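For reference, the structure is listed below as structure tokens.
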Amino acid sequence: MTTLQQIENWFSAKKWSAFAFQKQTWQAYLDGKDGMLNAPTGSGKTYAVGLGILAEYLENRGSKEYEKGIQAIWITPIRALAKEIEHALSSACAELDIPWEVTKRTGDTTSAQRAKQKKNLPHILITTPESLQLLLASKGSVKQFESLKCIVNDEWHELLGTKRAVQMELAQSRLKRACPKLKIWGISATIGNMEEGIEVLLGEDFHHKNHELVVADIKKKIDLKTLIPKEVEKFPWAGHLGIRMLKQVVAVIKKSRTTLIFTNTRSQCEIWYQRLLEEEPDLAGQIAMHHGSIGKELREWVEDALHAEKLKGVVCTSSLDLGVDFRPVETIVHIGSPKGVARFLQRAGRSGHQPGATSKIYFVPTHSLEIIE
């Protein structure tokens, strides 16, 4: 039995069918290629690249080179996504009988955990660009990464064009010197300029290393509705937080199983959360709030409650908009301009987060110009 047959059998045992783009990614990874993957949200991008990494271990099972030391770094822009990836890859390792440790290192990681990780790096480390830079800044750190085989840049469109992309370019350039066979992969659901994206991702290696662009032939269905104010002529022309649309948003929350209400700022998030409770006191205990300034324990409680379908709604910021898989979420409400089509589509994908499902999103304008937008 070939390695890829083992992976496909694992898929079949879970009653899944591998997509063509997943098989293409596995083969490209085993062929030693760098690459960029573009596939719709909820279609299995993590398993496409992640199982390529695990398949390489299965092909080399018993080799000391693959048994000890860090094997892969998985870069994620947000903490909530790190938890999702850790769960997915840990489960796959356990079920495929791969004795690898998978752990995350983010701003939530305690100093004791950081010290332990620094002493003995896991086989797969899920982290952020900032945390990776801190690891590389310590004395003798690069030697710890000599066993590294791959760096995965998740949600690359979110990093591209920001200082975080520069951080990753610098980190990868440094690690390539210690790991000559290092593979670099990027993942995105919404990136449009793939050629430019992979050129930035690979840097100086773009022109002389073998790489592959993998594009999924899957169309994501999005059901978009704009909530129109009842009295358009009295709607403000600029500013405001969209509170005039409160009753219509409450109606959407009531008719949906679970709803994520996205706002653009933390202050707007907190105001909407309070006003929803004032407008509909019965929602007390059924809705929650999630943003980066909330403590780790409360954020994790909200995420777990979403998975368990214990919440009717969550008012949140970008802390929940990238790659996070909450199957019970049926509807998305977006308050105000998303500041970009890609971000809007990314947030829409938090609902219907599975192959073939339709994502439902309601746009809530905060002033008249946003209705036109």
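As shown in the structure tokens, the chain order sets the letters A, B, ...; within each chain, residues go from 1, and ligands are also counted from 1 in the order they appear.
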Exercise for review: Just the strand (DSSP E) stuff from region 128-343 of chain A, please, per backbone DSSP, written as a ChimeraX atom specification.
Suggested key: /A:150-153,183-188,211-215,222-226,259-262,287-290,313-316,331-335
Would you give me, as JSON lines, each residue of region 43-99 of chain A having an atom within 12 Å of an atom of region 211-221 of chain A, along with its shortest atom pair and that distance in Å to one decimal, using only C-alpha atoms and sorting by chain and residue number?
{"residue": "A:Ser43", "atom": "CA", "partner": "A:Ile218", "partner_atom": "CA", "distance": 8.4}
{"residue": "A:Gly44", "atom": "CA", "partner": "A:Ala216", "partner_atom": "CA", "distance": 10.4}
{"residue": "A:Lys45", "atom": "CA", "partner": "A:Ala216", "partner_atom": "CA", "distance": 9.6}
{"residue": "A:Ala48", "atom": "CA", "partner": "A:Val214", "partner_atom": "CA", "distance": 10.2}
{"residue": "A:Val49", "atom": "CA", "partner": "A:Val214", "partner_atom": "CA", "distance": 10.7}
**Study point:** Shell around region 158-172 of chain A at 7 Å using only C-alpha atoms, local window under 6 positions removed, as number ranges by chain
**Key:** A: 129, 133, 201
Practice item. Determine the nearest neighbour of Ile73 (chain A) from the options A:Ser319, A:Thr41, A:Gln24, A:Thr127, counting only C-alpha atoms. Key: A:Thr127
Check your understanding: Please, what distance in Å, to one decimal, runs between CA of Lys183 (chain A) and CA of Leu4 (chain A)?
Key ->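 Here the two named atoms are 19.0 Å from each other.
Each of A:Arg79, A:Lys310, A:Arg61, A:Arg177 was compared to Asp108 (chain A) using only C-alpha atoms, and A:Arg79 turns out to be the nearest.
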Practice item. Could you give me, as a list in words, the residues within 6 Å of region 327-337 of chain A, counting only C-alpha atoms and dropping anything in the same chain fewer than 4 positions from it? Key: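 In the requested form, the answer reads Arg257, Thr258, Thr259, Leu260, Ile261, Phe262, Thr263, Glu309, Ser351, Lys360, Ile361, Tyr362, Phe363, Val364, Pro365 and Thr366 of chain A.
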Residues as selected, N, CA and C atoms, written as a PDB file, in the first residue's frame, can you do that?
ATOM      1  N   ARG A 257     -29.886  29.534  14.150  1.00  0.00           N
ATOM      2  CA  ARG A 257     -29.426  28.614  15.193  1.00  0.00           C
ATOM      3  C   ARG A 257     -28.324  29.271  16.020  1.00  0.00           C
ATOM      4  N   THR A 258     -27.238  29.686  15.359  1.00  0.00           N
ATOM      5  CA  THR A 258     -26.137  30.408  16.005  1.00  0.00           C
ATOM      6  C   THR A 258     -25.637  31.469  15.032  1.00  0.00           C
ATOM      7  N   THR A 259     -25.374  32.673  15.550  1.00  0.00           N
ATOM      8  CA  THR A 259     -24.965  33.802  14.711  1.00  0.00           C
ATOM      9  C   THR A 259     -23.684  34.429  15.243  1.00  0.00           C
ATOM     10  N   LEU A 260     -22.754  34.739  14.336  1.00  0.00           N
ATOM     11  CA  LEU A 260     -21.599  35.554  14.685  1.00  0.00           C
ATOM     12  C   LEU A 260     -21.857  36.969  14.185  1.00  0.00           C
ATOM     13  N   ILE A 261     -21.720  37.961  15.080  1.00  0.00           N
ATOM     14  CA  ILE A 261     -21.931  39.363  14.723  1.00  0.00           C
ATOM     15  C   ILE A 261     -20.563  40.042  14.696  1.00  0.00           C
ATOM     16  N   PHE A 262     -20.047  40.318  13.493  1.00  0.00           N
ATOM     17  CA  PHE A 262     -18.714  40.908  13.357  1.00  0.00           C
ATOM     18  C   PHE A 262     -18.769  42.431  13.412  1.00  0.00           C
ATOM     19  N   THR A 263     -17.851  43.001  14.183  1.00  0.00           N
ATOM     20  CA  THR A 263     -17.668  44.452  14.226  1.00  0.00           C
ATOM     21  C   THR A 263     -16.214  44.753  13.873  1.00  0.00           C
ATOM     22  N   GLU A 309     -22.606  24.381  20.635  1.00  0.00           N
ATOM     23  CA  GLU A 309     -23.910  24.961  20.301  1.00  0.00           C
ATOM     24  C   GLU A 309     -24.674  25.425  21.554  1.00  0.00           C
ATOM     25  N   SER A 351     -19.764  30.785   8.462  1.00  0.00           N
ATOM     26  CA  SER A 351     -20.999  29.990   8.430  1.00  0.00           C
ATOM     27  C   SER A 351     -20.905  29.026   7.265  1.00  0.00           C
ATOM     28  N   LYS A 360     -24.140  32.098   4.789  1.00  0.00           N
ATOM     29  CA  LYS A 360     -25.162  33.149   4.855  1.00  0.00           C
ATOM     30  C   LYS A 360     -24.614  34.340   5.626  1.00  0.00           C
ATOM     31  N   ILE A 361     -24.664  35.525   5.002  1.00  0.00           N
ATOM     32  CA  ILE A 361     -24.160  36.721   5.673  1.00  0.00           C
ATOM     33  C   ILE A 361     -25.105  37.901   5.437  1.00  0.00           C
ATOM     34  N   TYR A 362     -25.393  38.641   6.501  1.00  0.00           N
ATOM     35  CA  TYR A 362     -26.194  39.855   6.435  1.00  0.00           C
ATOM     36  C   TYR A 362     -25.266  41.057   6.633  1.00  0.00           C
ATOM     37  N   PHE A 363     -25.336  42.006   5.694  1.00  0.00           N
ATOM     38  CA  PHE A 363     -24.547  43.229   5.854  1.00  0.00           C
ATOM     39  C   PHE A 363     -25.431  44.293   6.496  1.00  0.00           C
ATOM     40  N   VAL A 364     -24.906  44.913   7.574  1.00  0.00           N
ATOM     41  CA  VAL A 364     -25.643  45.940   8.303  1.00  0.00           C
ATOM     42  C   VAL A 364     -24.941  47.283   8.106  1.00  0.00           C
ATOM     43  N   PRO A 365     -25.493  48.177   7.285  1.00  0.00           N
ATOM     44  CA  PRO A 365     -24.849  49.480   7.077  1.00  0.00           C
ATOM     45  C   PRO A 365     -24.960  50.352   8.327  1.00  0.00           C
ATOM     46  N   THR A 366     -23.908  51.138   8.585  1.00  0.00           N
ATOM     47  CA  THR A 366     -23.957  52.066   9.724  1.00  0.00           C
ATOM     48  C   THR A 366     -24.314  53.474   9.255  1.00  0.00           C
TER      49      THR A 366
END
Exercise for review: Between A:Ser63, A:Thr103, A:Asn153, A:Ser359, single out the one closest to Ile222 (chain A), counting only C-alpha atoms.
Suggested key: A:Ser359
Check your understanding: Running DSSP on the backbone, which parts of region 152-236 of chain A land in helix (DSSP H, G or I), as a PyMOL selection string?
Key -> chain A and resi 156-159+163-178+194-205+232-234
**Study point:** From A:Gly313, A:Trp237, A:Ala82, A:Gln354, residue lying nearest Ile371 (chain A) [only C-alpha atoms]
**Key:**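 The closest residue to Ile371 (chain A) is A:Trp237.
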Point to revise | Closest of A:Ile126, A:Leu121, A:Ala284, A:Met36 to Ala80 (chain A) - atom-to-atom distances counting only C-alpha atoms | key: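 Using only C-alpha atoms, the shortest distance to Ala80 (chain A) belongs to A:Ile126.
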